[in-house]
file final16.txt (compact mmCIF, C-alpha atoms and all ligand atoms)
# COMPACT_ATOMS: atom_id res chain seq x y z
CA MET S 195 0.00 0.00 0.00
CA THR S 196 1.55 3.30 -1.09
CA ARG S 197 1.15 6.25 1.21
CA LEU S 198 -0.56 9.29 -0.26
CA PRO S 199 1.09 12.70 0.18
CA PRO S 200 -0.63 15.08 2.65
CA ALA S 201 -4.08 16.37 1.64
CA VAL S 202 -4.29 19.58 -0.38
CA GLY S 203 -6.27 22.57 0.92
CA LEU S 204 -7.82 25.45 -1.03
CA ASP S 205 -5.01 27.86 -0.04
CA ASP S 206 -2.34 25.49 -1.41
CA PHE S 207 -3.15 26.47 -5.01
CA ASP S 208 -4.48 29.99 -4.47
CA VAL S 209 -1.89 32.50 -5.67
CA ALA S 210 -3.55 35.27 -3.63
CA ALA S 211 -3.15 33.22 -0.43
CA GLN S 212 0.63 32.80 -0.74
CA ALA S 213 2.83 35.84 -0.05
CA GLY S 214 5.14 36.79 -2.91
CA LEU S 215 3.83 34.20 -5.37
CA ARG S 216 1.94 36.70 -7.57
CA GLU S 217 5.15 38.74 -7.97
CA GLU S 218 7.14 35.62 -8.84
CA LEU S 219 4.63 34.67 -11.52
CA ALA S 220 4.11 38.24 -12.79
CA ALA S 221 6.86 38.26 -15.42
CA VAL S 222 5.71 34.93 -16.87
CA TYR S 223 2.10 36.15 -16.97
CA ARG S 224 3.01 39.51 -18.55
CA GLU S 225 4.57 37.85 -21.56
CA PHE S 226 1.70 35.38 -21.83
CA ARG S 227 -0.95 38.11 -21.71
CA SER S 228 0.71 40.21 -24.41
CA ILE S 229 0.86 37.20 -26.76
CA GLN S 230 -2.75 36.37 -25.89
CA ALA S 231 -3.82 39.96 -26.65
CA ASN S 232 -2.04 39.87 -30.02
CA SER S 233 -3.66 36.56 -30.96
CA GLN S 234 -7.13 37.86 -30.13
CA SER S 235 -7.34 40.95 -32.30
CA GLY S 236 -10.80 40.08 -33.56
CA LEU S 237 -12.62 37.94 -36.05
CA ASP S 238 -12.16 39.72 -39.34
CA GLU S 239 -11.98 36.79 -41.71
CA PRO S 240 -15.65 36.10 -42.42
CA GLY S 241 -14.95 32.59 -43.80
CA GLN S 242 -13.85 31.46 -40.33
CA ILE S 243 -16.98 32.58 -38.51
CA VAL S 244 -20.20 30.67 -37.98
CA ALA S 245 -23.31 32.35 -36.57
CA ARG S 246 -25.10 30.29 -33.95
CA GLN S 247 -28.77 29.53 -34.62
CA VAL S 248 -29.78 28.25 -31.18
CA CYS S 249 -28.71 28.45 -27.55
CA PRO S 250 -25.99 25.83 -26.88
CA GLY S 251 -27.65 25.11 -23.52
CA CYS S 252 -31.37 24.74 -24.17
CA GLY S 253 -31.86 25.03 -27.93
CA ALA S 254 -33.97 28.22 -27.78
CA ALA S 255 -33.61 30.58 -30.75
CA THR S 256 -30.70 33.03 -30.58
CA ARG S 257 -33.08 35.98 -31.08
CA ASP S 258 -34.52 35.15 -27.66
CA THR S 259 -31.51 36.56 -25.81
CA THR S 260 -30.34 39.70 -24.03
CA LEU S 261 -27.14 41.35 -25.28
CA LEU S 262 -24.54 41.76 -22.52
CA PHE S 263 -21.62 43.19 -24.54
CA SER S 264 -19.54 42.64 -27.66
CA LYS S 265 -15.83 41.81 -27.61
CA ASN S 266 -13.56 40.91 -30.55
CA ASN S 267 -16.61 41.71 -32.74
CA ILE S 268 -18.53 38.87 -31.07
CA PRO S 269 -21.80 39.59 -29.25
CA HIS S 270 -22.03 37.91 -25.82
CA VAL S 271 -25.65 37.27 -24.85
CA ARG S 272 -27.72 35.70 -22.08
CA CYS S 273 -30.42 33.20 -23.07
CA ASN S 274 -33.84 34.40 -21.93
CA HIS S 275 -34.91 30.77 -21.37
CA CYS S 276 -32.02 29.05 -19.55
CA ASP S 277 -29.81 32.04 -18.50
CA LEU S 278 -26.71 30.57 -20.16
CA VAL S 279 -24.27 33.26 -21.30
CA TYR S 280 -22.87 32.46 -24.76
CA THR S 281 -21.40 33.99 -27.91
CA LEU S 282 -23.62 34.53 -30.96
CA ALA S 283 -20.75 33.46 -33.25
CA THR S 284 -18.09 30.76 -33.12
CA LEU S 285 -15.19 29.77 -35.37
CA THR S 286 -15.53 27.09 -38.03
CA PRO S 287 -14.35 23.68 -36.75
CA SER S 288 -11.04 23.92 -38.66
CA ALA S 289 -10.32 27.49 -37.52
CA ASP S 290 -11.30 26.51 -33.96
CA ALA S 291 -9.02 23.45 -34.00
CA ALA S 292 -6.11 25.55 -35.35
CA GLN S 293 -6.24 27.57 -32.12
CA TYR S 294 -5.13 24.55 -30.09
CA ASP S 295 -2.32 23.14 -32.13
CA GLY S 296 1.14 24.47 -32.75
CA ASN S 297 0.68 28.25 -32.82
CA GLU S 298 2.42 31.08 -30.98
CA PHE S 299 -0.31 31.37 -28.37
CA MET S 300 -0.16 27.67 -27.55
CA ARG S 301 3.65 27.87 -27.25
CA ALA S 302 3.32 30.74 -24.77
CA TYR S 303 0.57 28.87 -22.92
CA VAL S 304 2.77 25.77 -22.65
CA GLU S 305 5.69 27.88 -21.37
CA LEU S 306 3.42 29.43 -18.72
CA LYS S 307 2.05 26.09 -17.61
CA ARG S 308 5.50 24.45 -17.56
CA HIS S 309 6.86 27.11 -15.23
CA PRO S 310 7.67 25.11 -12.06
CA LEU S 311 5.61 27.39 -9.80
CA TYR S 312 2.60 27.31 -12.08
CA ALA S 313 2.88 23.53 -12.59
CA LYS S 314 3.00 23.04 -8.81
CA LEU S 315 -0.20 25.08 -8.39
CA GLU S 316 -1.97 23.24 -11.24
CA ILE S 317 -1.08 19.83 -9.78
CA ALA S 318 -2.23 20.92 -6.31
CA LYS S 319 -5.56 22.10 -7.78
CA ALA S 320 -6.02 18.83 -9.66
CA ARG S 321 -5.24 16.90 -6.47
CA TYR S 322 -7.78 18.97 -4.55
CA LEU S 323 -10.44 18.16 -7.15
CA LEU S 324 -9.53 14.46 -7.10
CA GLN S 325 -9.82 14.49 -3.30
CA ARG S 326 -13.38 15.81 -3.72
CA VAL S 327 -14.09 12.94 -6.13
CA GLN S 328 -12.53 10.34 -3.82
CA ALA S 329 -14.60 11.65 -0.89
CA GLN S 330 -17.72 10.91 -2.96
CA ARG S 331 -16.51 7.74 -4.70
CA ALA S 332 -13.82 5.88 -2.76
CA GLY S 333 -13.58 3.13 -5.38
CA VAL S 334 -12.38 5.33 -8.26
CA ARG S 335 -9.27 3.82 -9.91
CA THR S 336 -9.08 4.91 -13.56
CA VAL S 337 -9.16 8.53 -14.73
CA LEU S 338 -9.31 9.95 -18.25
CA ASP S 339 -8.37 13.63 -18.57
CA ILE S 340 -9.80 15.14 -21.76
CA GLY S 341 -7.57 18.06 -22.76
CA ALA S 342 -4.60 16.74 -20.78
CA SER S 343 -2.52 19.86 -21.58
CA THR S 344 0.77 19.77 -19.67
CA GLY S 345 -0.33 16.78 -17.60
CA ALA S 346 -1.23 18.29 -14.22
CA MET S 347 -4.26 16.00 -13.82
CA MET S 348 -2.30 12.92 -14.89
CA ALA S 349 0.43 13.79 -12.38
CA ALA S 350 -2.17 14.43 -9.67
CA ALA S 351 -3.87 11.12 -10.46
CA GLY S 352 -0.58 9.31 -9.85
CA LEU S 353 -0.10 11.12 -6.55
CA GLN S 354 -3.65 10.16 -5.48
CA GLY S 355 -3.00 6.49 -6.26
CA LEU S 356 -5.08 6.47 -9.47
CA ASP S 357 -4.32 5.30 -13.03
CA GLY S 358 -4.31 8.40 -15.22
CA TYR S 359 -4.98 8.45 -18.98
CA GLY S 360 -5.08 11.51 -21.21
CA ILE S 361 -6.09 12.82 -24.62
CA GLU S 362 -4.65 16.10 -25.91
CA PRO S 363 -4.98 17.81 -29.34
CA ASP S 364 -1.74 19.82 -29.26
CA ARG S 365 1.07 17.76 -30.80
CA ALA S 366 3.96 19.22 -28.81
CA MET S 367 2.20 18.79 -25.47
CA ALA S 368 1.01 15.29 -26.36
CA GLU S 369 4.51 14.23 -27.39
CA LEU S 370 5.97 15.30 -24.06
CA LEU S 371 3.20 13.57 -22.09
CA GLY S 372 3.44 10.46 -24.26
CA ARG S 373 7.06 10.05 -23.14
CA LEU S 374 6.02 10.33 -19.49
CA TYR S 375 2.99 8.03 -19.84
CA PRO S 376 3.60 5.48 -22.61
CA GLN S 377 0.36 3.86 -23.86
CA ARG S 378 -1.70 6.25 -21.74
CA LEU S 379 -1.67 9.40 -23.82
CA ILE S 380 -3.29 9.98 -27.20
CA ASN S 381 -2.67 12.99 -29.43
CA GLY S 382 -6.08 13.84 -30.82
CA TYR S 383 -9.71 14.61 -30.07
CA PHE S 384 -12.30 12.96 -27.87
CA PRO S 385 -14.18 10.76 -28.69
CA GLN S 386 -13.10 10.04 -32.27
CA ASP S 387 -9.41 9.42 -31.53
CA LEU S 388 -9.86 7.37 -28.34
CA SER S 389 -8.04 4.01 -28.20
CA GLN S 390 -10.25 0.94 -28.51
CA ASP S 391 -7.88 -0.81 -26.08
CA TRP S 392 -8.57 1.53 -23.19
CA PRO S 393 -10.96 0.57 -20.37
CA LEU S 394 -14.22 2.23 -19.43
CA PHE S 395 -13.29 4.90 -16.91
CA ASP S 396 -14.34 5.40 -13.29
CA LEU S 397 -13.77 9.13 -13.72
CA ILE S 398 -13.53 11.49 -16.69
CA THR S 399 -12.20 14.99 -16.07
CA LEU S 400 -12.81 18.14 -18.13
CA LEU S 401 -10.72 21.02 -16.79
CA ASP S 402 -11.15 24.28 -18.72
CA VAL S 403 -12.63 22.37 -21.67
CA LEU S 404 -16.42 22.78 -21.70
CA GLU S 405 -16.33 26.53 -22.37
CA HIS S 406 -14.43 25.75 -25.60
CA MET S 407 -17.04 23.38 -27.04
CA VAL S 408 -19.27 24.74 -29.81
CA GLU S 409 -21.88 22.07 -29.02
CA PRO S 410 -21.35 21.30 -25.32
CA VAL S 411 -24.46 19.11 -24.82
CA CYS S 412 -23.54 16.76 -27.72
CA PHE S 413 -19.98 16.63 -26.42
CA LEU S 414 -21.14 15.72 -22.89
CA GLU S 415 -23.48 13.04 -24.28
CA SER S 416 -20.52 11.50 -26.15
CA ILE S 417 -18.71 11.02 -22.82
CA LYS S 418 -21.24 8.55 -21.44
CA ALA S 419 -20.01 5.72 -23.70
CA SER S 420 -16.55 5.93 -22.07
CA LEU S 421 -17.77 5.91 -18.46
CA GLY S 422 -18.12 2.77 -16.38
CA PRO S 423 -21.49 1.94 -14.74
CA GLU S 424 -20.64 3.92 -11.56
CA GLY S 425 -18.63 6.46 -13.52
CA VAL S 426 -18.46 10.11 -12.57
CA LEU S 427 -17.59 13.26 -14.46
CA LEU S 428 -15.58 16.15 -13.02
CA VAL S 429 -16.00 19.48 -14.79
CA GLN S 430 -14.09 22.69 -14.05
CA VAL S 431 -14.85 25.93 -15.87
CA PRO S 432 -14.28 29.66 -15.33
CA ASN S 433 -16.97 31.04 -12.98
CA PHE S 434 -18.99 33.75 -14.77
CA ASN S 435 -20.32 34.86 -11.38
CA SER S 436 -16.88 35.10 -9.78
CA LEU S 437 -16.25 38.41 -8.06
CA LEU S 438 -13.22 39.24 -10.23
CA VAL S 439 -14.95 38.43 -13.55
CA GLN S 440 -17.97 40.50 -12.54
CA MET S 441 -15.80 43.47 -11.50
CA ASP S 442 -13.52 43.22 -14.56
CA GLY S 443 -16.48 42.98 -16.93
CA PRO S 444 -15.77 42.48 -20.66
CA LYS S 445 -12.03 43.20 -20.25
CA ASN S 446 -11.59 39.95 -18.27
CA SER S 447 -9.40 37.51 -20.20
CA ASN S 448 -12.04 34.77 -19.93
CA PHE S 449 -14.00 36.63 -22.60
CA CYS S 450 -11.86 35.56 -25.50
CA ILE S 451 -12.04 33.89 -28.88
CA GLY S 452 -12.45 30.19 -28.08
CA HIS S 453 -14.62 30.55 -24.98
CA TRP S 454 -18.06 30.02 -26.51
CA GLN S 455 -20.12 29.89 -23.30
CA HIS S 456 -19.73 31.08 -19.71
CA PHE S 457 -21.17 29.21 -16.75
CA THR S 458 -22.63 29.91 -13.34
CA ALA S 459 -23.28 27.12 -10.83
CA ALA S 460 -26.93 27.07 -11.99
CA THR S 461 -26.32 27.10 -15.76
CA LEU S 462 -23.54 24.49 -15.48
CA SER S 463 -25.85 22.08 -13.60
CA ALA S 464 -28.69 22.75 -16.06
CA LEU S 465 -26.49 22.06 -19.09
CA LEU S 466 -25.18 18.83 -17.56
CA ALA S 467 -28.76 17.79 -16.74
CA ARG S 468 -29.71 18.21 -20.43
CA ALA S 469 -26.89 15.76 -21.29
CA GLY S 470 -28.05 13.20 -18.67
CA PHE S 471 -25.88 14.04 -15.66
CA CYS S 472 -26.92 15.00 -12.13
CA ALA S 473 -24.75 17.03 -9.75
CA LEU S 474 -23.21 15.29 -6.72
CA GLU S 475 -21.31 18.41 -5.66
CA ILE S 476 -20.71 21.95 -6.93
CA GLY S 477 -17.93 24.12 -5.56
CA ASN S 478 -15.63 27.02 -6.37
CA CYS S 479 -11.95 27.80 -5.87
CA ILE S 480 -9.14 30.28 -6.71
CA SER S 481 -9.91 33.52 -4.86
CA GLU S 482 -7.96 36.12 -6.92
CA LEU S 483 -8.40 38.21 -3.76
CA ASP S 484 -5.26 40.28 -4.41
CA ARG S 485 -6.61 41.35 -7.81
CA ILE S 486 -10.00 42.08 -6.24
CA ARG S 487 -8.27 44.34 -3.70
CA ASP S 488 -7.03 46.52 -6.57
CA TYR S 489 -10.65 47.71 -6.91
CA PRO S 490 -12.27 50.29 -4.58
CA ALA S 491 -14.05 48.69 -1.61
CA THR S 492 -17.31 50.35 -2.70
CA GLN S 493 -17.22 48.39 -5.95
CA VAL S 494 -16.97 45.12 -4.03
CA LEU S 495 -20.10 46.14 -2.13
CA THR S 496 -22.11 47.07 -5.23
CA THR S 497 -21.00 43.91 -7.07
CA THR S 498 -21.80 41.55 -4.18
CA ALA S 499 -25.15 43.31 -3.75
CA ARG S 500 -25.92 42.64 -7.43
CA LEU S 501 -24.75 39.00 -7.29
CA LEU S 502 -25.95 37.97 -3.83
CA GLY S 503 -28.86 40.33 -3.18
CA GLU S 504 -26.96 41.78 -0.23
CA ALA S 505 -23.79 43.92 -0.05
CA LYS S 506 -20.91 41.94 1.52
CA THR S 507 -17.33 42.77 2.39
CA VAL S 508 -14.89 40.04 1.40
CA GLU S 509 -11.85 39.84 3.67
CA THR S 510 -10.70 36.25 3.21
CA PRO S 511 -10.67 33.56 0.50
CA ALA S 512 -12.92 31.40 2.72
CA GLN S 513 -15.63 34.11 2.70
CA LEU S 514 -15.38 34.41 -1.06
CA TYR S 515 -15.82 30.65 -1.52
CA GLU S 516 -18.75 30.60 0.89
CA TYR S 517 -20.51 33.12 -1.36
CA GLY S 518 -19.65 31.06 -4.46
CA LEU S 519 -17.54 33.90 -5.91
CA GLY S 520 -14.27 32.03 -6.63
CA TYR S 521 -12.66 32.36 -10.05
CA LYS S 522 -13.15 28.70 -10.98
CA LEU S 523 -16.28 26.63 -10.69
CA TYR S 524 -16.22 22.85 -10.45
CA GLY S 525 -18.89 20.20 -10.42
CA LEU S 526 -18.90 16.47 -9.83
CA PHE S 527 -21.63 14.67 -11.79
CA ALA S 528 -23.05 11.15 -11.94
CA LEU S 529 -25.11 9.64 -14.75
CA THR S 530 -28.81 10.27 -14.26
CA SER S 531 -30.39 6.85 -13.76
CA SER S 532 -32.73 6.14 -16.66
ZN ZN X 1 -30.83 28.63 -23.40
call {"tool": "encode", "arguments": {"input": "final16.txt", "output": "structure tokens"}}
result
Amino acid sequence: MTRLPPAVGLDDFDVAAQAGLREELAAVYREFRSIQANSQSGLDEPGQIVARQVCPGCGAATRDTTLLFSKNNIPHVRCNHCDLVYTLATLTPSADAAQYDGNEFMRAYVELKRHPLYAKLEIAKARYLLQRVQAQRAGVRTVLDIGASTGAMMAAAGLQGLDGYGIEPDRAMAELLGRLYPQRLINGYFPQDLSQDWPLFDLITLLDVLEHMVEPVCFLESIKASLGPEGVLLVQVPNFNSLLVQMDGPKNSNFCIGHWQHFTAATLSALLARAGFCALEIGNCISELDRIRDYPATQVLTTTARLLGEAKTVETPAQLYEYGLGYKLYGLFALTSS
């Protein structure tokens, strides 16, 4: 029996909770953000753009929406039926796929994520999420991470005593991971490139993936065939109702080409329910409290009043999480029994 490393707490991967860490990461982030800004100058090649016809959450017509704002020439709207926030346009499948393989932005993204400090935080976050899963389902053994990226979830799976598998579209990232995990990493897309030799999984993880899917319900439905009978799905997305996103507004980097919908705890659960999943647990993490403190205290009060129905001061990460205002939202879902 191997001994697991000590449990991970929410502060262990919260940059704002660790003195000096933001400064250490600042230079790496600065370069990343400038490359991201340059790669997101707007959609001005009409052949690469597809107008959506229906809400990706509930299928209601796109005219039945409320405009929130436009960014990069893309209107961001809220569905009047299901409240999901989504973009009225997406890229064509080939233009969308080109974003995730072998371009300058992906190189910068890989460099950021490979930075030892950042990698340590990502692995700690993945371990925290796996701990939540293991608290609900002690028998979990096999994990498939869709969008394995630099391998934080696969590394965390190993540390938690689980067998990690991954699928990743970017060739350079997949090659590196393939050397670390022979036979357990595929370069390609889920589900079409999945190995026939792989088992059904106890757990499938989607970290920062669902917001990228043009048709998220179809994608979620395709996952069921790879889950074992007691299988669970772990989803992590940016939190549209996080305090920082709501104070930043449209300038927040989550509103970017490639993020085609934006979730709250309610709209995430509703979308998963449409695909046949029920929530076992919903939570939030990553406080970004230092960035929140750059705003006037009065703005925190007006924003919390708008989000929570009551003005609140936020002094600690724990308070922020209690109000559901963390930067990332996660949910653990089981198959709805039919
Ligand atoms: Zn809708």
call {"tool": "closest_residue", "arguments": {"input": "final16.txt", "among": "S:Ala210, S:Ala464, S:Leu401, S:Tyr515", "to": "ligand ZN 1 (chain X)", "atoms": "all atoms listed in the file"}}
result
S:Ala464
call {"tool": "residues_near_ligand", "arguments": {"input": "final16.txt", "ligand": "ligand ZN 1 (chain X)", "cutoff": "6 Å", "atoms": "only C-alpha atoms and all ligand atoms", "output": "VMD selection string"}}
result
chain S and resid 249 251 to 254 273 275 to 276 278
call {"tool": "residues_around", "arguments": {"input": "final16.txt", "residues": "Leu323 (chain S)", "least_positions_apart": "3", "cutoff": "10 Å", "atoms": "only C-alpha atoms", "output": "list in words"}}
result
Val202, Leu204, Ile317, Ala318, Lys319, Ala320, Arg326, Val327, Gln328, Ala329, Met347, Ala350, Thr399, Leu428, Val429, Gln430, Gly477, Cys479, Tyr524, Gly525 and Leu526 of chain S
call {"tool": "atom_distance", "arguments": {"input": "final16.txt", "atom1": "CA of Arg331 (chain S)", "atom2": "CA of Gly470 (chain S)"}}
result
18.9 Å
call {"tool": "atom_distance", "arguments": {"input": "final16.txt", "atom1": "CA of Ile476 (chain S)", "atom2": "CA of Pro310 (chain S)"}}
result
29.0 Å
call {"tool": "residues_around", "arguments": {"input": "final16.txt", "residues": "Thr496 (chain S)", "least_positions_apart": "5", "cutoff": "12 Å", "atoms": "only C-alpha atoms", "output": "list in words"}}
result
Leu437, Gln440, Met441, Tyr489, Pro490, Ala491, Leu501, Leu502, Gly503, Glu504, Ala505, Lys506 and Thr507 of chain S
call {"tool": "atom_distance", "arguments": {"input": "final16.txt", "atom1": "CA of Phe457 (chain S)", "atom2": "CA of Leu397 (chain S)"}}
result
21.6 Å
call {"tool": "closest_atom_pairs", "arguments": {"input": "final16.txt", "of": "region 252-340 of chain S", "to": "region 355-360 of chain S", "cutoff": "6 Å", "atoms": "only C-alpha atoms", "output": "Markdown table"}}
result
| residue | atom | partner | partner_atom | distance |
| --- | --- | --- | --- | --- |
| S:Arg335 | CA | S:Leu356 | CA | 5.0 |
| S:Thr336 | CA | S:Asp357 | CA | 4.8 |
| S:Val337 | CA | S:Gly358 | CA | 4.9 |
| S:Leu338 | CA | S:Tyr359 | CA | 4.6 |
| S:Asp339 | CA | S:Gly360 | CA | 4.7 |
| S:Ile340 | CA | S:Gly360 | CA | 6.0 |
call {"tool": "write_last_selection", "arguments": {"input": "final16.txt", "atoms": "C-alpha atoms", "output": "PDB file, keeping the file's coordinate frame"}}
result
ATOM      1  CA  ARG S 335      -9.270   3.820  -9.910  1.00  0.00           C
ATOM      2  CA  THR S 336      -9.080   4.910 -13.560  1.00  0.00           C
ATOM      3  CA  VAL S 337      -9.160   8.530 -14.730  1.00  0.00           C
ATOM      4  CA  LEU S 338      -9.310   9.950 -18.250  1.00  0.00           C
ATOM      5  CA  ASP S 339      -8.370  13.630 -18.570  1.00  0.00           C
ATOM      6  CA  ILE S 340      -9.800  15.140 -21.760  1.00  0.00           C
TER       7      ILE S 340
END
call {"tool": "closest_atom_pairs", "arguments": {"input": "final16.txt", "of": "region 389-447 of chain S", "to": "region 374-380 of chain S", "cutoff": "10 Å", "atoms": "all atoms listed in the file", "output": "Markdown table"}}
result
| residue | atom | partner | partner_atom | distance |
| --- | --- | --- | --- | --- |
| S:Ser389 | CA | S:Ile380 | CA | 7.7 |
| S:Asp391 | CA | S:Gln377 | CA | 9.7 |
| S:Trp392 | CA | S:Arg378 | CA | 8.5 |
call {"tool": "closest_residue", "arguments": {"input": "final16.txt", "among": "S:Glu424, S:Glu362, S:Glu415, S:Glu509", "to": "Ala291 (chain S)", "atoms": "all atoms listed in the file"}}
result
S:Glu362
call {"tool": "decode", "arguments": {"input": "final16.txt", "residues": "region 330-351 of chain S", "atoms": "N, CA and C atoms", "output": "mmCIF file, in the first residue's frame"}}
result
data_model
loop_
_atom_site.group_PDB
_atom_site.id
_atom_site.type_symbol
_atom_site.label_atom_id
_atom_site.label_comp_id
_atom_site.auth_asym_id
_atom_site.auth_seq_id
_atom_site.Cartn_x
_atom_site.Cartn_y
_atom_site.Cartn_z
ATOM 1 N N GLN S 330 -16.396 11.349 -2.506
ATOM 2 C CA GLN S 330 -17.724 10.907 -2.957
ATOM 3 C C GLN S 330 -17.720 9.452 -3.438
ATOM 4 N N ARG S 331 -16.615 9.058 -4.074
ATOM 5 C CA ARG S 331 -16.512 7.742 -4.701
ATOM 6 C C ARG S 331 -15.150 7.124 -4.358
ATOM 7 N N ALA S 332 -15.098 6.418 -3.243
ATOM 8 C CA ALA S 332 -13.819 5.882 -2.759
ATOM 9 C C ALA S 332 -13.220 4.852 -3.722
ATOM 10 N N GLY S 333 -14.063 4.218 -4.532
ATOM 11 C CA GLY S 333 -13.584 3.126 -5.384
ATOM 12 C C GLY S 333 -12.993 3.555 -6.717
ATOM 13 N N VAL S 334 -12.909 4.845 -6.976
ATOM 14 C CA VAL S 334 -12.382 5.326 -8.259
ATOM 15 C C VAL S 334 -10.935 4.857 -8.451
ATOM 16 N N ARG S 335 -10.630 4.270 -9.607
ATOM 17 C CA ARG S 335 -9.268 3.821 -9.912
ATOM 18 C C ARG S 335 -8.734 4.423 -11.206
ATOM 19 N N THR S 336 -9.571 4.443 -12.268
ATOM 20 C CA THR S 336 -9.080 4.913 -13.563
ATOM 21 C C THR S 336 -9.654 6.288 -13.888
ATOM 22 N N VAL S 337 -8.785 7.153 -14.413
ATOM 23 C CA VAL S 337 -9.164 8.534 -14.728
ATOM 24 C C VAL S 337 -8.749 8.873 -16.149
ATOM 25 N N LEU S 338 -9.664 9.414 -16.932
ATOM 26 C CA LEU S 338 -9.309 9.948 -18.252
ATOM 27 C C LEU S 338 -9.431 11.463 -18.206
ATOM 28 N N ASP S 339 -8.327 12.161 -18.511
ATOM 29 C CA ASP S 339 -8.368 13.625 -18.570
ATOM 30 C C ASP S 339 -8.470 14.055 -20.026
ATOM 31 N N ILE S 340 -9.596 14.655 -20.383
ATOM 32 C CA ILE S 340 -9.797 15.144 -21.760
ATOM 33 C C ILE S 340 -9.254 16.568 -21.824
ATOM 34 N N GLY S 341 -8.284 16.781 -22.719
ATOM 35 C CA GLY S 341 -7.566 18.064 -22.759
ATOM 36 C C GLY S 341 -6.463 18.034 -21.714
ATOM 37 N N ALA S 342 -5.589 17.022 -21.838
ATOM 38 C CA ALA S 342 -4.601 16.743 -20.780
ATOM 39 C C ALA S 342 -3.568 17.850 -20.620
ATOM 40 N N SER S 343 -3.382 18.676 -21.670
ATOM 41 C CA SER S 343 -2.524 19.856 -21.576
ATOM 42 C C SER S 343 -1.116 19.468 -21.128
ATOM 43 N N THR S 344 -0.591 20.092 -20.103
ATOM 44 C CA THR S 344 0.771 19.766 -19.667
ATOM 45 C C THR S 344 0.801 18.628 -18.644
ATOM 46 N N GLY S 345 -0.336 18.006 -18.387
ATOM 47 C CA GLY S 345 -0.326 16.776 -17.604
ATOM 48 C C GLY S 345 -0.535 16.931 -16.108
ATOM 49 N N ALA S 346 -1.039 18.086 -15.662
ATOM 50 C CA ALA S 346 -1.234 18.286 -14.219
ATOM 51 C C ALA S 346 -2.196 17.246 -13.644
ATOM 52 N N MET S 347 -3.296 16.976 -14.343
ATOM 53 C CA MET S 347 -4.262 16.001 -13.820
ATOM 54 C C MET S 347 -3.672 14.598 -13.815
ATOM 55 N N MET S 348 -2.901 14.252 -14.852
ATOM 56 C CA MET S 348 -2.296 12.921 -14.890
ATOM 57 C C MET S 348 -1.285 12.768 -13.749
ATOM 58 N N ALA S 349 -0.518 13.820 -13.494
ATOM 59 C CA ALA S 349 0.435 13.793 -12.375
ATOM 60 C C ALA S 349 -0.300 13.681 -11.046
ATOM 61 N N ALA S 350 -1.385 14.459 -10.913
ATOM 62 C CA ALA S 350 -2.168 14.431 -9.672
ATOM 63 C C ALA S 350 -2.798 13.058 -9.467
ATOM 64 N N ALA S 351 -3.273 12.453 -10.554
ATOM 65 C CA ALA S 351 -3.872 11.125 -10.461
ATOM 66 C C ALA S 351 -2.865 10.138 -9.870
#
